[in-house]
Structures are given as C-alpha cells and as structure tokens.
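Student: My questions will all concern the structure given below.
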Amino acid sequence: MNLNTSIRRFLSPEAGPLAQFVKYGAVGVMSTLVQTGIFYLLASCWLRCLTPDDWAVKLLGLPSASFTGEEAWYAARGTLATIDTAIGFVIANVFCWLMNRWCVFQAGKFRWYVEFLMFFGAATFATVVALGTMKVLIDVFGMMTTLAVVVEVVVSFFVNFFIRKFVIFKR
C-alpha cells in the first residue's frame with residue numbers, strides 16, 4: 001500500500017476507531033480555533049468585552065475597551081462575550097459538521113438534514129450550558145474573560161462529545 005492510499009484511507013469515514021478519534025480531535029481543535037478566532041475578532045473590534053488586564057490583550061496586543069468599572073459596558077461584559085461566542089459558534093459548527101461528515105464519522109441512521117439539525121441542536125445545548133457557565137464566571141465571580149472562555153470550551157467539548165458519540169452518529 002502506498003502513502004497516497006494510506007492517507008486517503010485515514011481521511012475516509014471508514015477508518016478505524018483510533019483514526020476516528022484522532023480526526024475527531026483534530027476537527028474539534030480546528031472548530032475551536034474558528035470559534036475562538038471569531039470570538040476575539042468580535043470581542044476586540046465590534047462587541048468589545050475585553051478588559052485591559054485580559055490575557056489576550058496583554059499577550060496578543062488586542063484592543064480592549066476603556067472603563068473605570070462603573071460604565072454600563074462593564075456590567076454588560078458577560079452579555080457581550082456571550083453574543084460574540086454565539087456568533088462564532090454558528091460559523092464554527094457549520095464547519096465542524098461538514099468536517100465530521102467528510103472525514104470522521106460514517107453516516108448515522110438519520111437523513112443528512114435530520115443529522116444536521118440534531119448536530120446543531122446538540123451543539124446549541126452544549127453551548128448554552130457552557131455560555132451560562134461563562135456568564136456566571138464573569139458576572140458573579142469576576143473571572144477574566146479569557147479564562148472564562150477556556151472553561152466554556154472545556155464544558156462544551158465534554159457535552160458535545162457524549163451527545164455526538166452516543167446519539168447522533170450511533171449506527
């Protein structure tokens with residue numbers, strides 16, 4: 001078997017469980033990068049929710065909003081972060097579903113449009129749970145936006161994995 005055939009076999013949905021796990025992880029990382037990239041683009045330029053002490057502002061030089069802590073903007077920071085994340089979520093999950101269909105999972109027992117709606121519904125559920133967690137961490141505990149985003153990603157990953165593995169793509 002030549003290298004080209006091996007690569008095609010690895011990339012196909014019929015690849016074995018180890019290859020499937022590796023590809024699922026890679027697609028998850030790419031989708032997370034898409035969502036996070038869109039989040040930071042929006043959080044630094046449009047619905048600004050980054051504070052000057054945020055890690056992303058310090059490490060990446062992203063713009064932050066100025067505040068004294070009393071502005072309405074500061075009180076709305078968790079809501080703005082949630083909206084930024086939701087926009088990134090929609091784009092990243094369309095990308096994620098397409099990549100999962102192309103190279104990770106074999107088609108399940110549902111028609112493609114039912115599968116897409118279930119995939120998006122599960123992702124929406126996971127994201128609502130994760131965004132609620134993020135909003136509470138920011139609004140109630142005053143957590144730094146970037147650290148709250150990390151927690152949001154971890155919560156979303158676990159909820160999504162179990163629903164996708166045991167419901168949506170179950171054959």
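By convention here, the chains of the structure tokens are called A, B, ... in the order presented, each chain's residues are numbered starting at 1, and ligands are numbered starting at 1 in the order presented.
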Find the spatial neighbours of Val34 in chain A, counting only C-alpha atoms, within a cut-off of 9 Å - ignore same-chain residues fewer than 2 positions away - and output them as a PyMOL selection string.

Tutor: chain A and resi 29-32+36-39+88-89+91-92+95

Student: Grab the residues selected above and save them as a short mmCIF file (atom, residue, chain, number, x, y, z; two decimals), in the first residue's frame with all heavy atoms.

Tutor:
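Result file part19.cif:
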data_model
loop_
_atom_site.label_atom_id
_atom_site.label_comp_id
_atom_site.auth_asym_id
_atom_site.auth_seq_id
_atom_site.Cartn_x
_atom_site.Cartn_y
_atom_site.Cartn_z
N VAL A 29 -10.30 20.65 17.39
CA VAL A 29 -9.32 21.73 17.56
C VAL A 29 -9.53 22.80 16.49
O VAL A 29 -9.55 24.00 16.80
CB VAL A 29 -7.87 21.18 17.52
CG1 VAL A 29 -6.85 22.30 17.39
CG2 VAL A 29 -7.60 20.34 18.76
N MET A 30 -9.69 22.38 15.23
CA MET A 30 -9.90 23.36 14.16
C MET A 30 -11.18 24.16 14.39
O MET A 30 -11.20 25.38 14.22
CB MET A 30 -9.95 22.66 12.80
CG MET A 30 -8.60 22.14 12.34
SD MET A 30 -8.62 21.47 10.66
CE MET A 30 -9.67 20.05 10.83
N SER A 31 -12.25 23.50 14.80
CA SER A 31 -13.52 24.18 15.06
C SER A 31 -13.39 25.16 16.22
O SER A 31 -13.94 26.26 16.19
CB SER A 31 -14.63 23.16 15.35
OG SER A 31 -14.83 22.34 14.23
N THR A 32 -12.67 24.73 17.25
CA THR A 32 -12.45 25.61 18.40
C THR A 32 -11.64 26.83 17.97
O THR A 32 -11.92 27.96 18.41
CB THR A 32 -11.74 24.84 19.52
OG1 THR A 32 -12.57 23.75 19.93
CG2 THR A 32 -11.46 25.73 20.72
N THR A 36 -12.99 30.47 18.41
CA THR A 36 -12.21 31.38 19.25
C THR A 36 -11.68 32.56 18.45
O THR A 36 -11.69 33.69 18.94
CB THR A 36 -11.07 30.61 19.93
OG1 THR A 36 -11.63 29.50 20.65
CG2 THR A 36 -10.29 31.48 20.89
N GLY A 37 -11.24 32.31 17.23
CA GLY A 37 -10.76 33.39 16.38
C GLY A 37 -11.86 34.41 16.10
O GLY A 37 -11.63 35.63 16.18
N ILE A 38 -13.05 33.92 15.79
CA ILE A 38 -14.17 34.82 15.55
C ILE A 38 -14.54 35.56 16.83
O ILE A 38 -14.79 36.76 16.82
CB ILE A 38 -15.37 34.04 14.97
CG1 ILE A 38 -15.02 33.58 13.55
CG2 ILE A 38 -16.64 34.88 14.98
CD1 ILE A 38 -15.97 32.59 12.95
N PHE A 39 -14.53 34.83 17.97
CA PHE A 39 -14.81 35.48 19.25
C PHE A 39 -13.87 36.66 19.48
O PHE A 39 -14.31 37.76 19.79
CB PHE A 39 -14.69 34.48 20.41
CG PHE A 39 -14.70 35.16 21.74
CD1 PHE A 39 -15.89 35.53 22.33
CD2 PHE A 39 -13.52 35.46 22.41
CE1 PHE A 39 -15.91 36.18 23.57
CE2 PHE A 39 -13.52 36.10 23.64
CZ PHE A 39 -14.73 36.47 24.21
N GLY A 88 -19.59 33.17 16.78
CA GLY A 88 -18.52 32.24 16.44
C GLY A 88 -19.00 30.80 16.44
O GLY A 88 -18.60 29.99 15.61
N PHE A 89 -19.90 30.48 17.36
CA PHE A 89 -20.46 29.13 17.47
C PHE A 89 -21.17 28.71 16.19
O PHE A 89 -20.98 27.60 15.69
CB PHE A 89 -21.43 29.10 18.66
CG PHE A 89 -22.45 28.01 18.59
CD1 PHE A 89 -22.13 26.72 18.98
CD2 PHE A 89 -23.73 28.28 18.13
CE1 PHE A 89 -23.08 25.72 18.91
CE2 PHE A 89 -24.69 27.28 18.06
CZ PHE A 89 -24.36 26.00 18.45
N ILE A 91 -20.85 29.76 13.07
CA ILE A 91 -19.91 29.56 11.97
C ILE A 91 -19.05 28.32 12.20
O ILE A 91 -18.88 27.49 11.31
CB ILE A 91 -19.05 30.82 11.78
CG1 ILE A 91 -19.94 32.00 11.36
CG2 ILE A 91 -17.94 30.58 10.76
CD1 ILE A 91 -19.30 33.36 11.47
N ALA A 92 -18.54 28.16 13.41
CA ALA A 92 -17.67 27.02 13.72
C ALA A 92 -18.42 25.70 13.64
O ALA A 92 -17.84 24.68 13.23
CB ALA A 92 -17.05 27.20 15.10
N PHE A 95 -18.89 24.53 10.04
CA PHE A 95 -17.58 23.99 9.65
C PHE A 95 -17.36 22.60 10.27
O PHE A 95 -16.97 21.65 9.59
CB PHE A 95 -16.47 24.96 10.08
CG PHE A 95 -15.09 24.40 9.97
CD1 PHE A 95 -14.44 24.37 8.75
CD2 PHE A 95 -14.44 23.90 11.09
CE1 PHE A 95 -13.16 23.85 8.64
CE2 PHE A 95 -13.17 23.37 10.99
CZ PHE A 95 -12.52 23.35 9.77
#

Student: Do a neighbour search on range 165-167 of chain A at 12 Å with only C-alpha atoms, toss out local chain neighbours closer than 4 positions, and write the hits as JSON, numbers by chain.

Tutor: {"A": [17, 20, 21, 24, 100, 104, 105, 106, 108, 109, 110, 115, 118, 119, 121, 122, 157, 158, 159, 160, 161, 171]}

Student: If DSSP is run on the backbone, what residues of chain A are alpha helix (DSSP H)? A reply as a PyMOL selection string would be ideal.

Tutor: chain A and resi 3-11+17-45+55-60+72-75+77-99+112-139+145-163

Student: Which residue, A:Trp97, A:Phe162, A:Trp55, A:Phe169, has the smallest gap to Met143 in chain A when you use only C-alpha atoms?

Tutor: A:Trp55

Student: I'd like the neighbourhood of Ala86 in chain A as a PyMOL selection string, where a residue qualifies if any of its atoms comes within 9 Å (using only C-alpha atoms), though same-chain residues fewer than 6 positions away should be ignored.

Tutor: chain A and resi 35+39+127-128+131

Student: Which residues, written as a compact mmCIF listing (two decimals) with N, CA, C and O atoms, in the first residue's frame, have at least one atom at most 12 Å from Thr145 in chain A, with only C-alpha atoms counted and residues fewer than 3 positions away on the same chain left out?

Tutor:
# COMPACT_ATOMS: atom_id res chain seq x y z
N PHE A 39 -14.53 34.83 17.97
CA PHE A 39 -14.81 35.48 19.25
C PHE A 39 -13.87 36.66 19.48
O PHE A 39 -14.31 37.76 19.79
N TYR A 40 -12.56 36.43 19.35
CA TYR A 40 -11.61 37.50 19.65
C TYR A 40 -11.66 38.62 18.62
O TYR A 40 -11.43 39.78 18.96
N ALA A 43 -14.79 40.38 19.89
CA ALA A 43 -14.59 40.89 21.25
C ALA A 43 -13.62 42.07 21.29
O ALA A 43 -13.68 42.90 22.20
N SER A 44 -12.74 42.15 20.30
CA SER A 44 -11.78 43.24 20.30
C SER A 44 -12.16 44.38 19.35
O SER A 44 -11.65 45.49 19.49
N ARG A 48 -17.21 44.82 22.06
CA ARG A 48 -15.98 44.79 22.85
C ARG A 48 -16.23 44.40 24.29
O ARG A 48 -16.98 45.07 24.99
N CYS A 49 -15.56 43.32 24.71
CA CYS A 49 -15.75 42.83 26.08
C CYS A 49 -14.42 42.49 26.75
O CYS A 49 -14.41 41.89 27.82
N LEU A 50 -13.33 42.87 26.14
CA LEU A 50 -12.02 42.59 26.72
C LEU A 50 -11.56 43.77 27.57
O LEU A 50 -11.65 44.92 27.17
N THR A 51 -11.08 43.46 28.75
CA THR A 51 -10.57 44.48 29.66
C THR A 51 -9.06 44.62 29.45
O THR A 51 -8.42 43.73 28.91
N PRO A 52 -8.48 45.74 29.85
CA PRO A 52 -7.04 45.95 29.64
C PRO A 52 -6.16 44.89 30.31
O PRO A 52 -5.06 44.63 29.84
N ASP A 53 -6.64 44.25 31.38
CA ASP A 53 -5.83 43.24 32.06
C ASP A 53 -6.06 41.82 31.52
O ASP A 53 -5.48 40.87 32.02
N ASP A 54 -6.88 41.68 30.48
CA ASP A 54 -7.16 40.36 29.90
C ASP A 54 -5.89 39.78 29.29
O ASP A 54 -5.10 40.49 28.67
N TRP A 55 -5.71 38.47 29.44
CA TRP A 55 -4.51 37.81 28.89
C TRP A 55 -4.38 38.01 27.38
O TRP A 55 -3.28 38.22 26.88
N ALA A 56 -5.50 37.93 26.66
CA ALA A 56 -5.44 38.09 25.20
C ALA A 56 -5.00 39.49 24.82
O ALA A 56 -4.30 39.69 23.82
N VAL A 57 -5.39 40.47 25.60
CA VAL A 57 -4.98 41.85 25.35
C VAL A 57 -3.48 41.98 25.59
O VAL A 57 -2.74 42.56 24.79
N SER A 64 -8.62 46.69 23.76
CA SER A 64 -9.59 46.49 24.84
C SER A 64 -10.42 47.75 24.96
O SER A 64 -10.09 48.79 24.41
N TYR A 74 -19.27 47.82 31.28
CA TYR A 74 -18.62 46.84 32.14
C TYR A 74 -19.64 45.86 32.71
O TYR A 74 -19.39 44.66 32.78
N ARG A 77 -20.51 43.21 30.10
CA ARG A 77 -19.38 42.47 29.55
C ARG A 77 -19.69 40.99 29.33
O ARG A 77 -19.37 40.42 28.30
N GLY A 78 -20.35 40.35 30.28
CA GLY A 78 -20.70 38.94 30.14
C GLY A 78 -21.67 38.70 29.00
O GLY A 78 -21.55 37.73 28.25
N THR A 79 -22.63 39.62 28.83
CA THR A 79 -23.58 39.50 27.73
C THR A 79 -22.89 39.69 26.39
O THR A 79 -23.14 38.95 25.43
N LEU A 80 -22.00 40.68 26.30
CA LEU A 80 -21.26 40.90 25.05
C LEU A 80 -20.40 39.69 24.71
O LEU A 80 -20.33 39.27 23.55
N ALA A 81 -19.74 39.11 25.70
CA ALA A 81 -18.91 37.92 25.47
C ALA A 81 -19.78 36.75 25.00
O ALA A 81 -19.38 35.97 24.13
N THR A 82 -20.98 36.65 25.54
CA THR A 82 -21.90 35.59 25.13
C THR A 82 -22.34 35.76 23.68
O THR A 82 -22.37 34.80 22.92
N ASP A 84 -20.70 37.43 21.28
CA ASP A 84 -19.53 37.17 20.45
C ASP A 84 -19.31 35.66 20.27
O ASP A 84 -19.02 35.18 19.18
N THR A 85 -19.45 34.93 21.36
CA THR A 85 -19.26 33.49 21.31
C THR A 85 -20.36 32.82 20.48
O THR A 85 -20.09 31.89 19.72
N LEU A 131 -22.06 28.57 27.82
CA LEU A 131 -22.17 30.03 27.89
C LEU A 131 -22.75 30.49 29.22
O LEU A 131 -22.34 31.50 29.77
N THR A 133 -22.32 28.95 32.00
CA THR A 133 -21.19 28.82 32.91
C THR A 133 -20.25 30.01 32.77
O THR A 133 -19.83 30.61 33.76
N MET A 134 -19.93 30.38 31.50
CA MET A 134 -19.03 31.50 31.26
C MET A 134 -19.60 32.81 31.81
O MET A 134 -18.89 33.56 32.47
N LYS A 135 -20.88 33.04 31.56
CA LYS A 135 -21.51 34.28 32.02
C LYS A 135 -21.49 34.38 33.55
O LYS A 135 -21.18 35.43 34.10
N VAL A 136 -21.78 33.29 34.23
CA VAL A 136 -21.75 33.27 35.69
C VAL A 136 -20.32 33.52 36.19
O VAL A 136 -20.10 34.29 37.14
N LEU A 137 -19.35 32.88 35.55
CA LEU A 137 -17.96 33.07 35.97
C LEU A 137 -17.52 34.53 35.82
O LEU A 137 -16.80 35.06 36.67
N ILE A 138 -17.99 35.19 34.76
CA ILE A 138 -17.63 36.60 34.55
C ILE A 138 -18.44 37.51 35.47
O ILE A 138 -17.88 38.34 36.19
N ASP A 139 -19.78 37.36 35.44
CA ASP A 139 -20.66 38.30 36.15
C ASP A 139 -20.66 38.10 37.66
O ASP A 139 -20.70 39.08 38.41
N PHE A 141 -18.47 35.88 39.56
CA PHE A 141 -17.16 35.68 40.19
C PHE A 141 -16.09 36.65 39.68
O PHE A 141 -14.97 36.63 40.16
N GLY A 142 -16.43 37.49 38.67
CA GLY A 142 -15.49 38.49 38.16
C GLY A 142 -14.29 37.88 37.44
O GLY A 142 -13.25 38.51 37.35
N ALA A 148 -12.51 32.56 31.45
CA ALA A 148 -13.89 32.07 31.36
C ALA A 148 -14.15 31.40 30.01
O ALA A 148 -14.88 30.41 29.93
N VAL A 149 -13.54 31.90 28.94
CA VAL A 149 -13.66 31.28 27.62
C VAL A 149 -13.04 29.89 27.63
O VAL A 149 -13.58 28.95 27.04
N VAL A 150 -11.91 29.72 28.29
CA VAL A 150 -11.27 28.40 28.39
C VAL A 150 -12.21 27.42 29.08
O VAL A 150 -12.41 26.29 28.61
N VAL A 151 -12.82 27.82 30.17
CA VAL A 151 -13.77 26.95 30.88
C VAL A 151 -14.96 26.64 29.97
O VAL A 151 -15.42 25.50 29.88
N GLU A 152 -15.44 27.64 29.25
CA GLU A 152 -16.57 27.45 28.32
C GLU A 152 -16.24 26.41 27.27
O GLU A 152 -17.06 25.53 26.95

Student: Nearest residue to Ala130 in chain A out of A:Leu11, A:Ile87, A:Ala26, A:Val153, using only C-alpha atoms?

Tutor: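 Distance minimum relative to Ala130 in chain A lands on A:Val153.
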
Student: Tell me which of A:Ala75, A:Val27, A:Ile168, A:Met144 sits closest to Leu98 in chain A, counting only C-alpha atoms.

Tutor: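 Going through A:Ala75, A:Val27, A:Ile168, A:Met144 one by one, the smallest distance to Leu98 in chain A is for A:Val27.
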